[in-house]
$ cat my_file13.cif   # mmCIF, C-alpha atoms
data_work
loop_
_atom_site.label_atom_id
_atom_site.label_comp_id
_atom_site.auth_asym_id
_atom_site.auth_seq_id
_atom_site.Cartn_x
_atom_site.Cartn_y
_atom_site.Cartn_z
CA MET A 1 221.49 -44.95 49.59
CA ASP A 2 223.70 -46.64 47.00
CA ASN A 3 223.13 -44.94 43.64
CA ASN A 4 223.98 -48.19 41.85
CA LEU A 5 221.00 -50.04 43.33
CA GLN A 6 218.37 -51.28 40.94
CA ASP A 7 214.62 -51.61 41.00
CA ILE A 8 213.31 -55.13 41.73
CA GLU A 9 210.57 -56.50 39.47
CA PHE A 10 208.09 -59.19 40.52
CA CYS A 11 205.29 -60.29 38.20
CA GLY A 12 204.96 -56.84 36.70
CA PHE A 13 205.22 -55.03 40.04
CA VAL A 14 208.31 -52.91 40.74
CA ALA A 15 209.92 -52.03 44.08
CA LYS A 16 212.42 -49.20 44.03
CA PRO A 17 215.34 -49.23 46.50
CA GLY A 18 214.13 -48.60 50.03
CA THR A 19 210.49 -49.46 49.32
CA LYS A 20 207.90 -52.13 50.03
CA VAL A 21 205.32 -53.17 47.43
CA GLN A 22 202.27 -55.36 48.07
CA GLY A 23 199.61 -56.75 45.80
CA TYR A 24 197.96 -59.85 44.35
CA ILE A 25 199.04 -62.21 41.57
CA SER A 26 196.52 -64.01 39.40
CA ILE A 27 197.63 -67.52 38.38
CA THR A 28 194.40 -69.23 37.30
CA ASP A 29 190.78 -68.23 36.84
CA ASP A 30 189.55 -70.86 39.31
CA THR A 31 191.83 -70.07 42.28
CA PRO A 32 192.08 -66.93 44.44
CA ASP A 33 194.82 -64.43 43.62
CA ILE A 34 197.98 -64.87 45.68
CA PRO A 35 198.93 -61.99 48.05
CA PHE A 36 202.60 -61.02 47.96
CA THR A 37 205.06 -58.56 49.47
CA LEU A 38 208.26 -57.40 47.77
CA ILE A 39 210.81 -55.46 49.83
CA ASN A 40 213.86 -53.85 48.24
CA GLY A 41 216.63 -52.67 50.57
CA THR A 42 218.94 -49.71 50.33
CA LYS A 43 222.17 -51.69 50.02
CA PRO A 44 223.26 -54.55 47.76
CA GLY A 45 222.68 -57.97 49.28
CA LYS A 46 221.20 -61.43 49.10
CA ARG A 47 217.72 -62.23 47.78
CA ILE A 48 215.34 -64.48 49.73
CA LEU A 49 212.06 -66.05 48.57
CA ILE A 50 209.48 -67.24 51.13
CA THR A 51 206.22 -69.12 50.54
CA ALA A 52 203.45 -69.88 53.05
CA GLY A 53 200.00 -71.39 52.82
CA ILE A 54 200.79 -73.94 50.10
CA HIS A 55 198.43 -76.03 52.22
CA GLY A 56 195.61 -73.69 53.18
CA ASN A 57 194.99 -75.09 56.68
CA GLU A 58 198.57 -74.59 57.82
CA TYR A 59 198.19 -71.26 59.58
CA PRO A 60 201.31 -70.21 61.57
CA GLY A 61 203.44 -69.38 58.52
CA ILE A 62 200.64 -67.34 56.95
CA LEU A 63 200.31 -65.22 60.08
CA ALA A 64 204.06 -64.94 60.68
CA THR A 65 204.80 -63.62 57.18
CA ALA A 66 202.19 -60.90 57.71
CA GLN A 67 203.85 -59.95 61.00
CA LEU A 68 207.28 -59.92 59.40
CA VAL A 69 206.51 -57.50 56.58
CA ARG A 70 204.76 -55.11 58.98
CA ARG A 71 207.90 -54.96 61.13
CA ILE A 72 210.60 -54.64 58.47
CA ASP A 73 211.85 -51.17 57.57
CA PRO A 74 213.08 -51.27 53.93
CA LEU A 75 215.45 -48.39 54.64
CA LYS A 76 217.33 -50.65 57.08
CA MET A 77 217.49 -53.66 54.79
CA SER A 78 220.09 -54.92 52.33
CA GLY A 79 219.20 -57.07 49.35
CA SER A 80 215.57 -58.03 48.83
CA LEU A 81 212.79 -60.21 50.18
CA ALA A 82 209.86 -61.67 48.22
CA ILE A 83 207.00 -63.36 50.08
CA LEU A 84 203.97 -65.26 48.81
CA HIS A 85 201.78 -65.10 51.93
CA LEU A 86 198.92 -67.47 51.05
CA VAL A 87 199.56 -69.64 48.01
CA ASN A 88 196.51 -71.91 48.30
CA GLY A 89 193.73 -69.44 49.06
CA GLY A 90 191.05 -71.81 47.79
CA ALA A 91 191.85 -74.45 50.43
CA PHE A 92 192.17 -71.72 53.06
CA MET A 93 188.67 -70.36 52.44
CA GLU A 94 187.04 -73.78 52.08
CA ARG A 95 189.02 -75.31 54.99
CA ARG A 96 190.22 -78.16 52.80
CA ALA A 97 193.24 -80.21 53.83
CA ALA A 98 196.28 -80.24 51.52
CA ILE A 99 194.62 -80.01 48.10
CA VAL A 100 193.66 -77.20 45.73
CA PRO A 101 189.84 -77.44 45.60
CA ALA A 102 189.74 -76.55 41.89
CA ASP A 103 191.49 -79.78 40.81
CA GLY A 104 191.87 -81.92 43.94
CA LYS A 105 195.67 -81.94 43.65
CA ASN A 106 198.34 -81.23 46.26
CA ILE A 107 200.68 -78.44 45.10
CA ASN A 108 203.55 -80.02 47.01
CA ARG A 109 203.17 -83.24 45.02
CA VAL A 110 203.17 -81.76 41.50
CA TYR A 111 206.37 -79.67 41.26
CA PRO A 112 207.87 -78.47 38.97
CA GLY A 113 204.32 -78.07 37.66
CA LYS A 114 203.01 -77.32 34.18
CA GLU A 115 202.37 -73.97 32.52
CA ASP A 116 199.30 -75.40 30.77
CA GLY A 117 198.30 -77.85 33.52
CA THR A 118 195.57 -77.92 36.14
CA ALA A 119 195.26 -75.27 38.86
CA ALA A 120 197.76 -76.85 41.30
CA GLU A 121 200.20 -77.58 38.46
CA LYS A 122 200.04 -73.98 37.24
CA ILE A 123 200.73 -72.66 40.75
CA ALA A 124 203.67 -75.03 41.15
CA TRP A 125 204.99 -74.00 37.73
CA PHE A 126 204.74 -70.31 38.65
CA ILE A 127 206.71 -70.81 41.89
CA THR A 128 209.30 -72.98 40.13
CA ARG A 129 209.78 -70.31 37.47
CA GLU A 130 210.19 -67.64 40.16
CA MET A 131 212.86 -69.76 41.88
CA GLY A 132 215.00 -69.44 38.77
CA ARG A 133 215.16 -65.66 38.92
CA GLY A 134 218.36 -65.23 40.91
CA TYR A 135 217.40 -65.82 44.54
CA ASP A 136 219.98 -66.91 47.10
CA PHE A 137 217.72 -68.85 49.48
CA TYR A 138 214.21 -70.27 49.67
CA MET A 139 211.99 -70.97 52.70
CA ASP A 140 208.70 -72.88 52.51
CA LEU A 141 206.61 -72.59 55.70
CA HIS A 142 204.33 -75.51 56.58
CA SER A 143 202.50 -77.02 59.57
CA GLY A 144 200.64 -80.17 60.44
CA ASP A 145 197.40 -80.01 58.47
CA LEU A 146 193.84 -80.57 59.70
CA HIS A 147 194.59 -84.06 61.04
CA GLU A 148 198.33 -83.86 61.87
CA ASP A 149 200.30 -83.12 65.02
CA LEU A 150 204.07 -82.69 64.92
CA ILE A 151 207.29 -81.56 66.54
CA PRO A 152 209.08 -78.63 64.82
CA HIS A 153 211.51 -79.90 62.18
CA PHE A 154 212.73 -79.06 58.71
CA TYR A 155 213.65 -80.77 55.45
CA TYR A 156 216.39 -80.11 52.92
CA SER A 157 216.58 -81.75 49.51
CA VAL A 158 219.42 -84.17 48.79
CA LEU A 159 218.58 -84.05 45.08
CA ALA A 160 220.56 -80.83 44.72
CA LYS A 161 224.22 -80.44 43.84
CA PRO A 162 226.54 -81.05 46.82
CA GLU A 163 227.39 -77.36 47.17
CA VAL A 164 223.70 -76.44 47.17
CA ILE A 165 222.95 -79.08 49.82
CA GLU A 166 225.71 -77.70 52.01
CA LYS A 167 224.43 -74.12 51.66
CA SER A 168 220.94 -75.28 52.68
CA ARG A 169 222.28 -77.08 55.74
CA GLU A 170 224.58 -74.26 56.83
CA ALA A 171 221.81 -71.67 56.69
CA ALA A 172 219.34 -73.97 58.46
CA LYS A 173 221.74 -74.56 61.35
CA ASN A 174 220.88 -71.04 62.49
CA LEU A 175 217.28 -72.00 63.22
CA TYR A 176 216.12 -72.87 66.72
CA ILE A 177 215.02 -76.33 65.57
CA HIS A 178 217.03 -79.39 66.55
CA MET A 179 215.72 -81.86 63.94
CA MET A 180 216.58 -81.85 60.23
CA VAL A 181 215.50 -84.53 57.76
CA GLN A 182 216.86 -85.30 54.33
CA SER A 183 214.24 -85.27 51.58
CA GLN A 184 214.46 -87.36 48.43
CA SER A 185 211.04 -86.34 47.13
CA PRO A 186 211.29 -85.31 43.45
CA ASN A 187 208.04 -83.33 43.32
CA GLY A 188 208.01 -81.00 46.33
CA SER A 189 208.89 -77.34 46.69
CA ILE A 190 212.47 -77.89 47.87
CA ALA A 191 213.04 -80.37 45.04
CA ALA A 192 212.02 -77.62 42.61
CA ALA A 193 214.45 -75.29 44.35
CA ALA A 194 217.17 -77.94 44.04
CA GLN A 195 216.51 -78.19 40.30
CA ASN A 196 217.11 -74.44 40.12
CA ASP A 197 220.36 -74.74 42.13
CA LEU A 198 218.63 -72.71 44.84
CA PRO A 199 219.45 -73.61 48.48
CA GLY A 200 216.29 -73.99 50.52
CA ILE A 201 214.41 -75.64 53.36
CA LEU A 202 210.86 -76.67 54.16
CA ILE A 203 209.97 -76.02 57.81
CA GLU A 204 207.16 -77.63 59.81
CA ARG A 205 205.71 -75.91 62.89
CA GLY A 206 202.34 -76.38 64.59
CA GLY A 207 199.37 -78.36 63.33
CA ASN A 208 195.79 -79.55 63.68
CA CYS A 209 194.42 -76.63 61.65
CA ILE A 210 194.72 -74.23 64.58
CA TRP A 211 196.51 -70.98 65.21
CA ASN A 212 199.02 -71.06 68.03
CA GLU A 213 200.89 -67.93 69.11
CA ASN A 214 204.06 -69.84 69.97
CA ASP A 215 204.21 -71.32 66.47
CA GLU A 216 203.69 -67.92 64.87
CA ILE A 217 206.43 -66.42 67.06
CA GLY A 218 208.69 -69.36 66.27
CA TYR A 219 208.25 -68.81 62.54
CA LEU A 220 208.88 -65.10 62.89
CA ALA A 221 212.13 -65.90 64.67
CA ASP A 222 213.05 -68.43 61.96
CA MET A 223 212.76 -65.77 59.27
CA TYR A 224 214.69 -63.19 61.27
CA ARG A 225 217.47 -65.73 61.88
CA ILE A 226 217.80 -66.56 58.19
CA MET A 227 217.79 -62.88 57.19
CA LYS A 228 220.46 -62.13 59.78
CA TYR A 229 222.55 -65.08 58.59
CA PHE A 230 222.48 -63.74 55.03
CA GLY A 231 223.13 -60.18 56.20
CA ILE A 232 219.99 -58.61 54.78
CA TYR A 233 218.28 -57.58 58.02
CA ASP A 234 219.01 -57.54 61.74
CA ASP A 235 216.20 -56.67 64.16
CA GLY A 236 218.73 -56.21 66.97
CA LYS A 237 217.41 -59.08 69.10
CA GLU A 238 219.85 -61.56 70.63
CA ARG A 239 218.69 -65.16 70.39
CA CYS A 240 220.25 -68.24 71.98
CA ASN A 241 221.53 -71.10 69.84
CA LEU A 242 220.98 -74.82 70.03
CA GLY A 243 223.71 -77.03 71.39
CA HIS A 244 223.19 -79.74 68.80
CA ILE A 245 221.08 -80.72 65.85
CA HIS A 246 219.97 -84.20 64.81
CA ASP A 247 220.32 -85.01 61.12
CA PHE A 248 218.02 -87.82 59.97
CA GLY A 249 218.66 -89.69 56.75
CA THR A 250 214.97 -90.13 56.05
CA SER A 251 211.51 -90.52 57.57
CA ARG A 252 209.26 -93.54 57.11
CA PRO A 253 205.56 -94.07 57.73
CA ILE A 254 203.85 -96.52 60.04
CA ILE A 255 200.78 -97.72 58.14
CA ALA A 256 197.41 -98.76 59.57
CA LYS A 257 196.42 -102.33 58.68
CA GLU A 258 192.83 -101.82 59.85
CA SER A 259 190.19 -99.09 59.69
CA GLY A 260 188.59 -97.70 62.83
CA LEU A 261 189.31 -95.35 65.73
CA TRP A 262 192.98 -94.38 66.20
CA LYS A 263 194.36 -93.82 69.70
CA PRO A 264 198.09 -92.93 69.81
CA LEU A 265 200.16 -94.00 72.81
CA VAL A 266 203.10 -91.70 72.00
CA LYS A 267 203.45 -88.06 71.04
CA PRO A 268 205.55 -86.14 68.50
CA GLY A 269 209.16 -85.95 69.64
CA ASP A 270 209.09 -89.30 71.42
CA ILE A 271 211.69 -91.93 70.51
CA VAL A 272 209.96 -95.20 69.62
CA LYS A 273 211.65 -98.58 69.79
CA LYS A 274 211.41 -101.44 67.33
CA GLY A 275 208.46 -103.62 68.34
CA GLN A 276 206.89 -100.92 70.55
CA ILE A 277 203.11 -100.50 70.49
CA VAL A 278 202.65 -96.86 69.38
CA GLY A 279 198.86 -96.86 69.30
CA THR A 280 195.72 -98.91 68.91
CA ILE A 281 192.90 -99.03 66.39
CA THR A 282 189.50 -100.08 67.72
CA ASP A 283 186.00 -100.43 66.36
CA VAL A 284 183.24 -98.07 67.53
CA PHE A 285 182.47 -100.46 70.42
CA GLY A 286 186.04 -100.18 71.74
CA ASN A 287 187.18 -103.61 70.62
CA VAL A 288 190.85 -103.59 69.56
CA ARG A 289 191.30 -104.34 65.88
CA GLU A 290 195.02 -103.62 65.71
CA GLU A 291 197.91 -102.83 68.00
CA VAL A 292 200.09 -100.63 65.81
CA ILE A 293 203.73 -101.69 66.07
CA ALA A 294 206.89 -99.72 65.24
CA VAL A 295 209.01 -101.79 62.85
CA GLU A 296 212.23 -99.89 63.63
CA GLU A 297 213.63 -97.37 66.07
CA GLY A 298 213.05 -93.72 65.26
CA THR A 299 211.76 -90.35 66.42
CA ASP A 300 208.05 -89.54 66.06
CA LEU A 301 208.10 -86.51 63.72
CA TYR A 302 204.38 -86.23 63.19
CA GLN A 303 201.32 -88.36 63.61
CA LEU A 304 197.65 -88.63 62.83
CA SER A 305 195.65 -86.60 65.34
CA ALA A 306 192.23 -87.48 63.92
CA LEU A 307 190.18 -90.19 65.60
CA SER A 308 189.23 -91.82 62.31
CA VAL A 309 191.73 -93.90 60.35
CA ARG A 310 191.42 -95.95 57.18
CA LYS A 311 193.28 -99.12 56.32
CA GLY A 312 196.44 -98.11 54.45
CA ASP A 313 196.65 -94.63 56.01
CA PRO A 314 199.91 -93.56 57.66
CA VAL A 315 199.31 -93.01 61.38
CA MET A 316 202.83 -91.76 62.08
CA PHE A 317 206.06 -90.74 60.36
CA CYS A 318 209.28 -91.59 62.17
CA ALA A 319 212.67 -90.05 61.43
CA VAL A 320 215.38 -92.72 61.23
CA GLU A 321 219.10 -93.07 60.47
CA GLN A 322 220.14 -90.36 62.86
CA SER A 323 223.45 -88.60 63.34
CA CYS A 324 224.14 -85.74 65.74
CA LEU A 325 226.01 -82.58 64.76
CA LEU A 326 227.45 -80.33 67.45
CA LEU A 327 226.77 -76.72 66.52
CA HIS A 328 227.13 -74.46 69.52
CA LYS A 329 228.09 -74.61 73.16
CA SER A 330 226.47 -72.64 75.97
CA GLY A 331 228.87 -72.76 78.90
CA ASP A 332 229.45 -76.39 79.89
CA SER A 333 225.99 -77.57 78.83
CA GLU A 334 224.21 -77.85 75.53
CA VAL A 335 221.07 -75.83 74.89
CA THR A 336 218.32 -78.15 73.65
CA HIS A 337 214.99 -76.80 74.94
CA HIS A 338 212.49 -74.68 73.04
CA ASP A 339 211.15 -71.34 74.26
CA HIS A 340 209.71 -69.43 71.33
CA HIS A 341 208.87 -66.34 73.41
CA GLU A 342 212.57 -65.98 74.21
CA LEU A 343 213.29 -66.06 70.50
CA ILE A 344 211.37 -62.96 69.52
CA GLU A 345 210.26 -60.92 72.50
#
$ encode --input "my_file13.cif" --output "structure tokens"
Amino acid sequence: MDNNLQDIEFCGFVAKPGTKVQGYISITDDTPDIPFTLINGTKPGKRILITAGIHGNEYPGILATAQLVRRIDPLKMSGSLAILHLVNGGAFMERRAAIVPADGKNINRVYPGKEDGTAAEKIAWFITREMGRGYDFYMDLHSGDLHEDLIPHFYYSVLAKPEVIEKSREAAKNLYIHMMVQSQSPNGSIAAAAQNDLPGILIERGGNCIWNENDEIGYLADMYRIMKYFGIYDDGKERCNLGHIHDFGTSRPIIAKESGLWKPLVKPGDIVKKGQIVGTITDVFGNVREEVIAVEEGTDLYQLSALSVRKGDPVMFCAVEQSCLLLHKSGDSEVTHHDHHELIE
């Protein structure tokens, strides 16, 4: 062990070199304490921060982070890893979509937060403050919520400095996800990272408020890939690479013009054409109130999976303004399929 290594401090907890520390952090009196793991390696290296459960019904990342910290041996790690396993415990226990039950606000809409704000704002402020403590990369693990179905994809903030944007993209190219989307949101987690000059990505896997083993395995592989890229941990598994990755300039919603029963005619990952009917909205008797039309060509990133829809609700988000970046070759053909079991087993 390097004698020059230092202890790592996290909210009053200290991890000595070669150790793993776990506990709970109290942010507000009206929200559950946040479980965390801090792992300090035995060699100097990069520092990574991971959050999961910012939306309490998005399960795969919560489960995958628990799996990860059980598998990692601190004595074989360089640098350090800090994980907030379940940020929004109130929504998790009450099975509430997106919001913090204590104040009805969405954490991922109130960054950078407020030290003296409401519950969601205080949590966002705490995470934003932590981002400024010398980390090298940030990962925020999400899924489709209670009423959302999606294809795996990730976002990176374009509000950061050019060099920070490039670091985010270069790290993310190591994931086994072939769709990246630029984010211009000023009040999400990766925007807060951008404000701290911290490269980072927000990943989406799974959905519909269910646990799926493939999504958990996929997230576990995502984290291993990023740690290997930064040289802090290598589990010794060989994983294939994608042949290409699609970079989308933005994503735009398709909005319901009527209330009623939503029946999609496409699925996440499908390419929709301008003018295509992507679903119908009927009344309870089955009479069609609206044929929902795509106004431009794009890829269905995620869509409403609930039967009920209200006028003005988005029923689908489509990624548009696509370019294709060649990353890796596998023989004479490009590797584009997904097999999460291959990634980790």
$ resolve_selection --input "my_file13.cif" --expression "the PyMOL selection byres ((chain A and resi 209) around 9)" --output "MDAnalysis selection string"
chainID A and resid 57:59 95 97 143:148 206:208 210:211
$ resolve_selection --input "my_file13.cif" --expression "the PyMOL selection byres ((chain A and resi 154) around 10)" --output "MDAnalysis selection string"
chainID A and resid 140:142 151:153 155:156 172 175 177:183 201:205 247
$ atom_distance --input "my_file13.cif" --atom1 "CA of Ile8 (chain A)" --atom2 "CA of Ala124 (chain A)"
22.1 Å
$ closest_residue --input "my_file13.cif" --among "A:His85, A:His246, A:Lys16, A:Arg225" --to "Pro35 (chain A)" --atoms "all atoms listed in the file"
A:His85
$ atom_distance --input "my_file13.cif" --atom1 "CA of Gln303 (chain A)" --atom2 "CA of Pro60 (chain A)"
18.3 Å
$ resolve_selection --input "my_file13.cif" --expression "the PyMOL selection byres ((chain A and resi 227-234) around 9)" --output "PDB file with C-alpha atoms, in the frame of the given file"
ATOM      1  CA  GLY A  41     216.630 -52.670  50.570  1.00  0.00           C
ATOM      2  CA  LYS A  43     222.170 -51.690  50.020  1.00  0.00           C
ATOM      3  CA  PRO A  44     223.260 -54.550  47.760  1.00  0.00           C
ATOM      4  CA  GLY A  45     222.680 -57.970  49.280  1.00  0.00           C
ATOM      5  CA  LYS A  46     221.200 -61.430  49.100  1.00  0.00           C
ATOM      6  CA  ARG A  47     217.720 -62.230  47.780  1.00  0.00           C
ATOM      7  CA  ILE A  48     215.340 -64.480  49.730  1.00  0.00           C
ATOM      8  CA  ILE A  72     210.600 -54.640  58.470  1.00  0.00           C
ATOM      9  CA  LYS A  76     217.330 -50.650  57.080  1.00  0.00           C
ATOM     10  CA  MET A  77     217.490 -53.660  54.790  1.00  0.00           C
ATOM     11  CA  SER A  78     220.090 -54.920  52.330  1.00  0.00           C
ATOM     12  CA  GLY A  79     219.200 -57.070  49.350  1.00  0.00           C
ATOM     13  CA  SER A  80     215.570 -58.030  48.830  1.00  0.00           C
ATOM     14  CA  LEU A  81     212.790 -60.210  50.180  1.00  0.00           C
ATOM     15  CA  ASP A 136     219.980 -66.910  47.100  1.00  0.00           C
ATOM     16  CA  PHE A 137     217.720 -68.850  49.480  1.00  0.00           C
ATOM     17  CA  ALA A 171     221.810 -71.670  56.690  1.00  0.00           C
ATOM     18  CA  ASN A 174     220.880 -71.040  62.490  1.00  0.00           C
ATOM     19  CA  ASP A 222     213.050 -68.430  61.960  1.00  0.00           C
ATOM     20  CA  MET A 223     212.760 -65.770  59.270  1.00  0.00           C
ATOM     21  CA  TYR A 224     214.690 -63.190  61.270  1.00  0.00           C
ATOM     22  CA  ARG A 225     217.470 -65.730  61.880  1.00  0.00           C
ATOM     23  CA  ILE A 226     217.800 -66.560  58.190  1.00  0.00           C
ATOM     24  CA  ASP A 235     216.200 -56.670  64.160  1.00  0.00           C
ATOM     25  CA  GLY A 236     218.730 -56.210  66.970  1.00  0.00           C
ATOM     26  CA  LYS A 237     217.410 -59.080  69.100  1.00  0.00           C
TER      27      LYS A 237
END
$ atom_distance --input "my_file13.cif" --atom1 "CA of Ala91 (chain A)" --atom2 "CA of Thr65 (chain A)"
18.2 Å
$ residues_around --input "my_file13.cif" --residues "Ile123 (chain A)" --least-positions-apart "3" --cutoff "10 Å" --atoms "all atoms listed in the file" --output "MDAnalysis selection string"
chainID A and resid 26:28 31 34 54 87:88 100 107 110:115 117:120 126:129
$ closest_residue --input "my_file13.cif" --among "A:Val158, A:Val309, A:Leu301, A:Leu38" --to "Val284 (chain A)" --atoms "all atoms listed in the file"
A:Val309
$ closest_residue --input "my_file13.cif" --among "A:Pro162, A:Gly61, A:Pro186, A:Gly260" --to "Gly218 (chain A)" --atoms "only C-alpha atoms"
A:Gly61
$ closest_residue --input "my_file13.cif" --among "A:Met139, A:Ala294, A:Leu220, A:Cys318" --to "Phe248 (chain A)" --atoms "only C-alpha atoms"
A:Cys318
$ residues_near_point --input "my_file13.cif" --point "(196.3, -100.5, 69.6)" --cutoff "9 Å" --atoms "all atoms listed in the file" --output "PyMOL selection string"
chain A and resi 262-265+277-282+288-293
$ residues_around --input "my_file13.cif" --residues "Pro199 (chain A)" --least-positions-apart "2" --cutoff "7 Å" --atoms "only C-alpha atoms" --output "compact mmCIF listing (two decimals) with C-alpha atoms, keeping the file's coordinate frame"
# COMPACT_ATOMS: atom_id res chain seq x y z
CA ASP A 136 219.98 -66.91 47.10
CA PHE A 137 217.72 -68.85 49.48
CA TYR A 138 214.21 -70.27 49.67
CA VAL A 164 223.70 -76.44 47.17
CA ILE A 165 222.95 -79.08 49.82
CA LYS A 167 224.43 -74.12 51.66
CA SER A 168 220.94 -75.28 52.68
CA ALA A 193 214.45 -75.29 44.35
CA ALA A 194 217.17 -77.94 44.04
CA ASP A 197 220.36 -74.74 42.13
$ closest_residue --input "my_file13.cif" --among "A:Ala15, A:Val315, A:Leu159, A:Ala221" --to "Asn187 (chain A)" --atoms "all atoms listed in the file"
A:Leu159
$ residues_around --input "my_file13.cif" --residues "Asp300 (chain A)" --least-positions-apart "6" --cutoff "10 Å" --atoms "only C-alpha atoms" --output "list in words"
Leu150, Ile151, Ser251, Arg252, Pro253, Val266, Lys267, Pro268, Gly269, Asp270, Ile271, Val272, Val278, Met316, Phe317, Cys318, Ala319 and Val320 of chain A
$ residues_near_point --input "my_file13.cif" --point "(204.0, -67.7, 51.3)" --cutoff "7 Å" --atoms "only C-alpha atoms" --output "PyMOL selection string"
chain A and resi 50-53+62+83-87
